[in-house]
file final.cif (mmCIF, C-alpha atoms)
data_query
loop_
_atom_site.group_PDB
_atom_site.id
_atom_site.type_symbol
_atom_site.label_atom_id
_atom_site.label_comp_id
_atom_site.auth_asym_id
_atom_site.auth_seq_id
_atom_site.Cartn_x
_atom_site.Cartn_y
_atom_site.Cartn_z
ATOM 1 C CA GLY R 1 33.783 -4.673 14.301
ATOM 2 C CA GLY R 2 33.010 -7.585 12.006
ATOM 3 C CA VAL R 3 35.175 -10.117 10.189
ATOM 4 C CA ALA R 4 34.132 -12.566 7.457
ATOM 5 C CA HIS R 5 36.254 -15.361 5.992
ATOM 6 C CA VAL R 6 36.016 -17.588 2.923
ATOM 7 C CA ARG R 7 37.740 -20.951 3.413
ATOM 8 C CA GLY R 8 38.461 -23.885 1.121
ATOM 9 C CA TRP R 9 35.859 -26.617 1.583
ATOM 10 C CA ARG R 10 38.368 -29.485 1.594
ATOM 11 C CA SER R 11 41.503 -27.883 3.006
ATOM 12 C CA GLY R 12 39.947 -25.406 5.428
ATOM 13 C CA LYS R 13 42.537 -22.905 4.220
ATOM 14 C CA GLN R 14 41.573 -19.257 4.442
ATOM 15 C CA VAL R 15 41.045 -17.866 0.933
ATOM 16 C CA ALA R 16 39.759 -14.339 1.542
ATOM 17 C CA THR R 17 38.841 -12.009 4.414
ATOM 18 C CA THR R 18 36.875 -8.796 4.774
ATOM 19 C CA HIS R 19 36.396 -6.461 7.731
ATOM 20 C CA CYS R 20 33.833 -3.946 8.967
ATOM 21 C CA THR R 21 34.918 -1.405 11.596
ATOM 22 C CA THR R 22 31.441 -0.051 12.413
ATOM 23 C CA GLY R 23 29.532 -3.195 13.385
ATOM 24 C CA PRO R 24 29.543 -7.004 13.578
ATOM 25 C CA PHE R 25 28.403 -9.212 10.699
ATOM 26 C CA LEU R 26 25.148 -10.889 11.763
ATOM 27 C CA SER R 27 24.065 -12.807 8.645
ATOM 28 C CA SER R 28 25.372 -14.021 5.309
ATOM 29 C CA ALA R 29 24.288 -15.547 1.999
ATOM 30 C CA GLU R 30 26.051 -16.472 -1.229
ATOM 31 C CA ILE R 31 25.235 -15.453 -4.801
ATOM 32 C CA PRO R 32 26.823 -18.462 -6.534
ATOM 33 C CA GLU R 33 26.655 -17.092 -10.081
ATOM 34 C CA ALA R 34 28.652 -13.986 -9.194
ATOM 35 C CA GLY R 35 31.222 -15.284 -6.706
ATOM 36 C CA THR R 36 29.704 -12.781 -4.280
ATOM 37 C CA VAL R 37 28.766 -12.965 -0.608
ATOM 38 C CA LEU R 38 26.064 -10.835 1.018
ATOM 39 C CA LEU R 39 26.854 -9.799 4.592
ATOM 40 C CA GLY R 40 24.224 -8.300 6.899
ATOM 41 C CA CYS R 41 25.801 -5.968 9.438
ATOM 42 C CA GLY R 42 24.867 -4.570 12.816
ATOM 43 C CA ASN R 43 25.368 -1.032 11.474
ATOM 44 C CA GLY R 44 22.217 -1.332 9.325
ATOM 45 C CA TYR R 45 23.957 -1.947 6.006
ATOM 46 C CA THR R 46 24.222 -5.014 3.794
ATOM 47 C CA TYR R 47 27.617 -5.522 2.150
ATOM 48 C CA LYS R 48 27.925 -7.072 -1.281
ATOM 49 C CA TRP R 49 31.414 -8.564 -1.169
ATOM 50 C CA ASN R 50 33.182 -10.031 -4.193
ATOM 51 C CA TRP R 51 35.679 -12.273 -2.449
ATOM 52 C CA HIS R 52 37.618 -12.859 -5.702
ATOM 53 C CA SER R 53 38.449 -9.189 -6.305
ATOM 54 C CA GLY R 54 38.064 -7.947 -2.735
ATOM 55 C CA GLU R 55 35.582 -5.258 -3.824
ATOM 56 C CA SER R 56 32.857 -4.462 -1.290
ATOM 57 C CA ILE R 57 29.760 -2.275 -1.773
ATOM 58 C CA SER R 58 27.474 -1.182 1.065
ATOM 59 C CA LEU R 59 23.722 -1.095 0.483
ATOM 60 C CA PRO R 60 21.849 1.158 0.497
ATOM 61 C CA HIS R 61 24.540 3.361 -1.014
ATOM 62 C CA ILE R 62 24.391 7.154 -1.151
ATOM 63 C CA THR R 63 26.631 8.959 -3.649
ATOM 64 C CA VAL R 64 24.856 12.295 -4.196
ATOM 65 C CA PRO R 65 23.749 14.919 -1.611
ATOM 66 C CA GLY R 66 20.006 14.863 -0.891
ATOM 67 C CA VAL R 67 19.371 18.514 -1.806
ATOM 68 C CA THR R 68 21.019 17.974 -5.197
ATOM 69 C CA LEU R 69 18.880 14.919 -5.850
ATOM 70 C CA ILE R 70 15.642 16.655 -4.949
ATOM 71 C CA LYS R 71 16.382 19.664 -7.175
ATOM 72 C CA LYS R 72 17.431 17.420 -10.048
ATOM 73 C CA SER R 73 14.334 15.238 -9.753
ATOM 74 C CA MET R 74 12.010 18.268 -9.718
ATOM 75 C CA VAL R 75 13.568 19.614 -12.943
ATOM 76 C CA LEU R 76 13.200 16.212 -14.610
ATOM 77 C CA VAL R 77 9.622 15.791 -13.399
ATOM 78 C CA HIS R 78 8.702 19.165 -14.929
ATOM 79 C CA LYS R 79 10.254 18.170 -18.261
ATOM 80 C CA CYS R 80 8.473 14.817 -18.306
ATOM 81 C CA LYS R 81 5.133 16.063 -16.978
ATOM 82 C CA SER R 82 3.369 16.465 -20.326
ATOM 83 C CA ALA R 83 4.417 13.036 -21.582
ATOM 84 C CA ALA R 84 3.430 11.405 -18.272
ATOM 85 C CA LEU R 85 -0.018 13.046 -18.312
ATOM 86 C CA ALA R 86 -0.589 12.001 -21.922
ATOM 87 C CA ALA R 87 0.351 8.408 -21.151
ATOM 88 C CA LEU R 88 -1.906 8.410 -18.081
ATOM 89 C CA ASP R 89 -4.821 9.755 -20.127
ATOM 90 C CA THR R 90 -4.301 7.014 -22.735
ATOM 91 C CA LEU R 91 -4.284 4.298 -20.072
ATOM 92 C CA LEU R 92 -7.427 5.591 -18.378
ATOM 93 C CA SER R 93 -9.331 5.808 -21.641
ATOM 94 C CA SER R 94 -8.288 2.270 -22.630
ATOM 95 C CA GLY R 95 -10.130 0.724 -19.700
ATOM 96 C CA ASP R 96 -7.140 -1.430 -18.717
ATOM 97 C CA ASP R 97 -6.090 -1.833 -15.086
ATOM 98 C CA LEU R 98 -3.831 1.019 -14.030
ATOM 99 C CA THR R 99 -0.654 -0.211 -12.351
ATOM 100 C CA MET R 100 2.798 1.249 -11.937
ATOM 101 C CA ASP R 101 4.154 -1.257 -14.450
ATOM 102 C CA SER R 102 1.539 -0.402 -17.089
ATOM 103 C CA PHE R 103 2.128 3.318 -16.524
ATOM 104 C CA LEU R 104 5.903 2.951 -16.976
ATOM 105 C CA ASP R 105 5.432 0.763 -20.060
ATOM 106 C CA ALA R 106 3.380 3.575 -21.598
ATOM 107 C CA VAL R 107 5.467 6.570 -20.561
ATOM 108 C CA LEU R 108 9.073 5.376 -20.941
ATOM 109 C CA PRO R 109 9.006 4.968 -24.765
ATOM 110 C CA VAL R 110 7.818 8.572 -25.224
ATOM 111 C CA SER R 111 9.737 10.077 -22.295
ATOM 112 C CA PRO R 112 13.073 8.383 -21.559
ATOM 113 C CA GLY R 113 13.794 11.084 -18.983
ATOM 114 C CA MET R 114 11.422 9.326 -16.602
ATOM 115 C CA LYS R 115 14.162 6.751 -15.989
ATOM 116 C CA LYS R 116 16.332 9.499 -14.519
ATOM 117 C CA VAL R 117 13.429 10.696 -12.378
ATOM 118 C CA LEU R 118 12.954 7.220 -10.966
ATOM 119 C CA GLY R 119 16.683 6.915 -10.336
ATOM 120 C CA CYS R 120 16.653 10.116 -8.307
ATOM 121 C CA LEU R 121 13.650 8.998 -6.295
ATOM 122 C CA TYR R 122 15.278 5.657 -5.465
ATOM 123 C CA TYR R 123 18.394 7.434 -4.214
ATOM 124 C CA ILE R 124 16.294 9.808 -2.121
ATOM 125 C CA ASN R 125 14.457 6.832 -0.615
ATOM 126 C CA ASP R 126 17.786 5.242 0.290
ATOM 127 C CA MET R 127 18.986 8.480 1.857
ATOM 128 C CA PHE R 128 16.003 8.952 4.149
ATOM 129 C CA TYR R 129 15.692 5.318 5.189
ATOM 130 C CA GLY R 130 19.184 3.904 4.675
ATOM 131 C CA THR R 131 20.413 4.264 8.262
ATOM 132 C CA ALA R 132 17.088 3.570 10.001
ATOM 133 C CA PHE R 133 16.701 -0.118 9.150
ATOM 134 C CA GLY R 134 18.330 -1.406 12.304
ATOM 135 C CA PRO R 135 20.730 -4.375 12.327
ATOM 136 C CA VAL R 136 20.481 -6.631 9.269
ATOM 137 C CA LYS R 137 19.878 -9.885 11.136
ATOM 138 C CA ALA R 138 18.953 -12.016 8.111
ATOM 139 C CA VAL R 139 19.815 -12.130 4.410
ATOM 140 C CA ALA R 140 18.958 -14.664 1.704
ATOM 141 C CA TYR R 141 19.527 -15.099 -2.015
ATOM 142 C CA VAL R 142 16.487 -15.326 -4.320
ATOM 143 C CA PRO R 143 17.618 -17.059 -7.561
ATOM 144 C CA THR R 144 14.745 -15.720 -9.675
ATOM 145 C CA TYR R 145 16.077 -12.605 -11.431
ATOM 146 C CA VAL R 146 19.269 -12.755 -9.269
ATOM 147 C CA ARG R 147 17.902 -10.810 -6.301
ATOM 148 C CA PHE R 148 18.038 -11.024 -2.515
ATOM 149 C CA VAL R 149 16.045 -10.248 0.605
ATOM 150 C CA THR R 150 17.024 -8.885 3.997
ATOM 151 C CA GLY R 151 15.351 -8.885 7.405
ATOM 152 C CA SER R 152 16.170 -6.079 9.811
ATOM 153 C CA GLY R 153 15.773 -4.864 13.349
ATOM 154 C CA ASP R 154 12.898 -2.578 12.350
ATOM 155 C CA GLY R 155 10.733 -5.634 11.589
ATOM 156 C CA ARG R 156 10.675 -5.144 7.821
ATOM 157 C CA VAL R 157 11.614 -7.389 4.916
ATOM 158 C CA ARG R 158 13.366 -5.694 1.982
ATOM 159 C CA TYR R 159 13.745 -6.965 -1.571
ATOM 160 C CA TRP R 160 16.854 -5.877 -3.533
ATOM 161 C CA ASN R 161 18.273 -6.061 -7.042
ATOM 162 C CA SER R 162 21.659 -7.695 -6.507
ATOM 163 C CA ARG R 163 23.092 -6.330 -9.760
ATOM 164 C CA ASN R 164 22.684 -2.602 -9.101
ATOM 165 C CA GLY R 165 21.769 -2.535 -5.402
ATOM 166 C CA GLN R 166 18.338 -0.983 -6.025
ATOM 167 C CA LEU R 167 15.778 -1.348 -3.244
ATOM 168 C CA LEU R 168 12.687 -2.824 -4.932
ATOM 169 C CA LYS R 169 10.157 -3.501 -2.167
ATOM 170 C CA VAL R 170 9.720 -2.883 1.575
ATOM 171 C CA MET R 171 7.299 -5.189 3.420
ATOM 172 C CA GLY R 172 6.100 -4.826 6.996
ATOM 173 C CA GLY R 173 4.181 -7.082 9.365
ATOM 174 C CA HIS R 174 6.485 -8.421 12.061
ATOM 175 C CA ARG R 175 6.120 -6.893 15.510
ATOM 176 C CA GLY R 176 9.798 -6.865 16.322
ATOM 177 C CA PRO R 177 13.079 -7.742 14.582
ATOM 178 C CA VAL R 178 13.251 -10.218 11.702
ATOM 179 C CA ASN R 179 15.638 -12.961 12.854
ATOM 180 C CA ALA R 180 15.631 -15.357 9.877
ATOM 181 C CA ILE R 181 14.760 -15.353 6.191
ATOM 182 C CA VAL R 182 14.937 -17.747 3.241
ATOM 183 C CA GLY R 183 14.265 -17.261 -0.464
ATOM 184 C CA ASP R 184 12.261 -19.682 -2.581
ATOM 185 C CA LEU R 185 14.358 -21.418 -5.246
ATOM 186 C CA THR R 186 11.710 -21.309 -7.970
ATOM 187 C CA LYS R 187 9.328 -18.448 -7.123
ATOM 188 C CA GLN R 188 9.574 -14.779 -6.273
ATOM 189 C CA GLU R 189 8.736 -15.563 -2.663
ATOM 190 C CA ALA R 190 10.503 -15.265 0.665
ATOM 191 C CA ILE R 191 9.743 -16.628 4.122
ATOM 192 C CA SER R 192 10.681 -14.718 7.259
ATOM 193 C CA GLY R 193 10.694 -15.544 10.963
ATOM 194 C CA GLY R 194 10.589 -12.934 13.687
ATOM 195 C CA GLU R 195 11.080 -12.113 17.333
ATOM 196 C CA ASP R 196 7.263 -12.048 17.571
ATOM 197 C CA GLY R 197 7.098 -15.830 17.067
ATOM 198 C CA THR R 198 5.505 -15.658 13.617
ATOM 199 C CA VAL R 199 6.528 -17.040 10.223
ATOM 200 C CA ARG R 200 5.379 -15.019 7.201
ATOM 201 C CA VAL R 201 5.377 -15.849 3.488
ATOM 202 C CA TRP R 202 5.844 -12.883 1.131
ATOM 203 C CA CYS R 203 5.042 -12.369 -2.547
ATOM 204 C CA LEU R 204 8.077 -10.379 -3.630
ATOM 205 C CA GLU R 205 6.624 -9.397 -6.995
ATOM 206 C CA LYS R 206 3.709 -7.539 -5.384
ATOM 207 C CA GLY R 207 5.329 -6.789 -2.041
ATOM 208 C CA VAL R 208 2.503 -8.307 0.024
ATOM 209 C CA GLN R 209 2.134 -10.976 2.702
ATOM 210 C CA LYS R 210 0.597 -14.250 1.474
ATOM 211 C CA PHE R 211 0.487 -16.453 4.577
ATOM 212 C CA LEU R 212 0.974 -16.144 8.319
ATOM 213 C CA PHE R 213 1.943 -18.945 10.718
ATOM 214 C CA ILE R 214 1.608 -18.099 14.410
ATOM 215 C CA GLN R 215 3.666 -20.036 16.944
ATOM 216 C CA ASP R 216 4.257 -17.364 19.572
ATOM 217 C CA TYR R 217 3.968 -20.078 22.236
ATOM 218 C CA ALA R 218 7.429 -21.236 21.084
ATOM 219 C CA GLY R 219 9.110 -17.872 21.581
ATOM 220 C CA PRO R 220 11.085 -16.040 18.893
ATOM 221 C CA VAL R 221 11.766 -17.740 15.559
ATOM 222 C CA LEU R 222 15.549 -18.037 15.245
ATOM 223 C CA SER R 223 16.153 -20.026 12.028
ATOM 224 C CA LEU R 224 14.453 -21.254 8.851
ATOM 225 C CA ALA R 225 15.013 -23.687 5.979
ATOM 226 C CA ILE R 226 12.910 -24.930 3.061
ATOM 227 C CA TYR R 227 12.545 -28.685 2.685
ATOM 228 C CA PRO R 228 13.848 -29.782 -0.743
ATOM 229 C CA ALA R 229 11.338 -30.432 -3.564
ATOM 230 C CA SER R 230 8.360 -29.602 -1.362
ATOM 231 C CA ARG R 231 6.361 -26.768 0.177
ATOM 232 C CA ILE R 232 7.448 -27.536 3.728
ATOM 233 C CA ILE R 233 9.207 -24.958 5.896
ATOM 234 C CA VAL R 234 11.470 -25.985 8.794
ATOM 235 C CA VAL R 235 11.406 -23.579 11.750
ATOM 236 C CA GLY R 236 13.907 -23.432 14.623
ATOM 237 C CA SER R 237 12.642 -21.631 17.746
ATOM 238 C CA ALA R 238 13.812 -20.316 21.089
ATOM 239 C CA ASP R 239 12.069 -23.133 22.973
ATOM 240 C CA GLY R 240 14.483 -25.696 21.506
ATOM 241 C CA TYR R 241 12.017 -27.237 19.037
ATOM 242 C CA VAL R 242 12.227 -27.692 15.272
ATOM 243 C CA ARG R 243 8.790 -27.517 13.640
ATOM 244 C CA PHE R 244 7.629 -28.464 10.152
ATOM 245 C CA TRP R 245 4.850 -26.412 8.512
ATOM 246 C CA ASP R 246 3.016 -27.240 5.279
ATOM 247 C CA LEU R 247 2.855 -24.075 3.171
ATOM 248 C CA HIS R 248 -0.095 -25.397 1.170
ATOM 249 C CA SER R 249 -2.438 -26.356 3.995
ATOM 250 C CA GLY R 250 -1.032 -24.214 6.802
ATOM 251 C CA MET R 251 -0.870 -27.325 9.003
ATOM 252 C CA LEU R 252 1.792 -28.082 11.601
ATOM 253 C CA LEU R 253 3.141 -31.450 10.437
ATOM 254 C CA CYS R 254 5.718 -32.302 13.069
ATOM 255 C CA ALA R 255 7.586 -30.907 16.084
ATOM 256 C CA ILE R 256 10.966 -32.216 17.243
ATOM 257 C CA ASN R 257 12.312 -31.486 20.716
ATOM 258 C CA THR R 258 16.054 -31.116 20.160
ATOM 259 C CA GLY R 259 16.754 -31.420 23.875
ATOM 260 C CA GLY R 260 18.791 -28.241 23.835
ATOM 261 C CA ARG R 261 18.135 -24.546 24.099
ATOM 262 C CA GLY R 262 17.225 -22.151 21.284
ATOM 263 C CA VAL R 263 17.759 -23.494 17.743
ATOM 264 C CA ASN R 264 19.970 -20.797 16.210
ATOM 265 C CA GLY R 265 20.379 -22.590 12.872
ATOM 266 C CA VAL R 266 18.697 -25.308 10.816
ATOM 267 C CA ALA R 267 19.921 -26.916 7.603
ATOM 268 C CA ILE R 268 18.808 -29.793 5.416
ATOM 269 C CA ASN R 269 21.298 -32.308 4.050
ATOM 270 C CA PRO R 270 21.128 -31.963 0.228
ATOM 271 C CA SER R 271 22.626 -35.407 -0.408
ATOM 272 C CA GLY R 272 21.780 -38.272 1.870
ATOM 273 C CA PRO R 273 19.993 -39.454 3.750
ATOM 274 C CA LEU R 274 17.405 -37.325 2.000
ATOM 275 C CA GLY R 275 15.737 -34.863 4.334
ATOM 276 C CA GLN R 276 18.244 -35.198 7.160
ATOM 277 C CA ILE R 277 17.944 -32.196 9.516
ATOM 278 C CA LEU R 278 20.855 -30.476 11.261
ATOM 279 C CA ALA R 279 19.985 -28.205 14.184
ATOM 280 C CA ALA R 280 22.535 -25.858 15.771
ATOM 281 C CA GLY R 281 21.628 -25.087 19.380
ATOM 282 C CA ALA R 282 22.451 -22.192 21.674
ATOM 283 C CA ASP R 283 24.125 -24.748 23.951
ATOM 284 C CA GLY R 284 26.929 -25.211 21.393
ATOM 285 C CA TYR R 285 25.791 -28.585 20.010
ATOM 286 C CA VAL R 286 24.787 -29.499 16.450
ATOM 287 C CA ARG R 287 22.217 -32.279 16.474
ATOM 288 C CA VAL R 288 21.325 -34.494 13.511
ATOM 289 C CA PHE R 289 17.864 -35.926 12.947
ATOM 290 C CA ASN R 290 17.160 -38.547 10.285
ATOM 291 C CA PRO R 291 13.789 -38.770 8.521
ATOM 292 C CA ARG R 292 11.655 -41.861 9.040
#
call {"tool": "encode", "arguments": {"input": "final.cif", "output": "structure tokens"}}
result
Amino acid sequence: GGVAHVRGWRSGKQVATTHCTTGPFLSSAEIPEAGTVLLGCGNGYTYKWNWHSGESISLPHITVPGVTLIKKSMVLVHKCKSAALAALDTLLSSGDDLTMDSFLDAVLPVSPGMKKVLGCLYYINDMFYGTAFGPVKAVAYVPTYVRFVTGSGDGRVRYWNSRNGQLLKVMGGHRGPVNAIVGDLTKQEAISGGEDGTVRVWCLEKGVQKFLFIQDYAGPVLSLAIYPASRIIVVGSADGYVRFWDLHSGMLLCAINTGGRGVNGVAINPSGPLGQILAAGADGYVRVFNPR
């Protein structure tokens, strides 16, 4: 099983604890505004844990039998069909670009029942795919719109609404598990690193890949961090190196041999010295590198 603790920063005293009996916790991220911790688990679920109240919700969550959902959605679709077709006809005749957002903007005011249809479809999606994600090896908070991303054993990146647990986007590209992921602080973007030795930048709004960095010569990507106030990504790999990539130019800026084995974690000192890198190695050492 898995155990997660929250401890006081100064005292080290244990403040709260949660357990999972069906798998180990493999990744974690904090939602500061909500006093909530996201825990990626080996059982394929992500747990949204409020450590103040002790409440824990597993995502994706299934609360209604699949047959019931399908029957309910079909009834609602039939009721909303005429309004949906009318809205579609209006959009097509207007000459504007047809997107899902523009369609919903047109149909929801005249057919509120479409919201229920969409709700049913989201639940059905969760039901069919909820236990097939594989271990949730990476999770990261995306401050824009209070959302988060996960990386799983099936090689896909998933984008979630942290308020209601709704799965918003599923993005594929990695040939193997996603080992690390970080969310951009100012944009709806995420960066993932995989077992295939690639680093990928994702547009979360559209659900598409923007950039690809190939460093398969270094082995699996194990950890990621974004350099503060820049477009530089720090990558820790299985070959023991920490590499710096420029997201604008796609250039490899620097490579540091840590002298250890795989770099399981990288972090950037937010205070001083500015840009100081901490690298946690598979050999049990944490190494500190100062910028020049």
call {"tool": "resolve_selection", "arguments": {"input": "final.cif", "expression": "the PyMOL selection byres ((chain R and resi 23) around 10)", "output": "PyMOL selection string"}}
result
chain R and resi 1-3+19-22+24-26+40-45+135
call {"tool": "resolve_selection", "arguments": {"input": "final.cif", "expression": "the PyMOL selection byres ((chain R and resi 237) around 6)", "output": "short mmCIF file (atom, residue, chain, number, x, y, z; two decimals) with C-alpha atoms, in the frame of the given file"}}
result
data_model
loop_
_atom_site.label_atom_id
_atom_site.label_comp_id
_atom_site.auth_asym_id
_atom_site.auth_seq_id
_atom_site.Cartn_x
_atom_site.Cartn_y
_atom_site.Cartn_z
CA PRO R 220 11.08 -16.04 18.89
CA VAL R 221 11.77 -17.74 15.56
CA LEU R 222 15.55 -18.04 15.24
CA GLY R 236 13.91 -23.43 14.62
CA ALA R 238 13.81 -20.32 21.09
CA ASP R 239 12.07 -23.13 22.97
CA GLY R 240 14.48 -25.70 21.51
CA TYR R 241 12.02 -27.24 19.04
CA GLY R 262 17.23 -22.15 21.28
CA VAL R 263 17.76 -23.49 17.74
#
call {"tool": "resolve_selection", "arguments": {"input": "final.cif", "expression": "the PyMOL selection byres ((chain R and resi 191) around 10)", "output": "ChimeraX atom specification"}}
result
/R:140,149,157,180-184,189-190,192-193,199-203,209-212,224-226,233
call {"tool": "atom_distance", "arguments": {"input": "final.cif", "atom1": "CA of Met251 in chain R", "atom2": "CA of Val234 in chain R"}}
result
12.4 Å
call {"tool": "atom_distance", "arguments": {"input": "final.cif", "atom1": "CA of Lys169 in chain R", "atom2": "CA of Val37 in chain R"}}
result
20.9 Å
call {"tool": "closest_residue", "arguments": {"input": "final.cif", "among": "R:Thr186, R:Val139, R:Gly281, R:Gly153", "to": "Pro228 in chain R", "atoms": "all atoms listed in the file"}}
result
R:Thr186
call {"tool": "atom_distance", "arguments": {"input": "final.cif", "atom1": "CA of Thr46 in chain R", "atom2": "CA of Arg158 in chain R"}}
result
11.0 Å
call {"tool": "closest_residue", "arguments": {"input": "final.cif", "among": "R:Asn290, R:Asn164, R:Ser223, R:Thr198", "to": "Asn179 in chain R", "atoms": "only C-alpha atoms"}}
result
R:Ser223
call {"tool": "closest_residue", "arguments": {"input": "final.cif", "among": "R:Thr144, R:Ser152, R:Ser27, R:Thr18", "to": "Gly172 in chain R", "atoms": "all atoms listed in the file"}}
result
R:Ser152
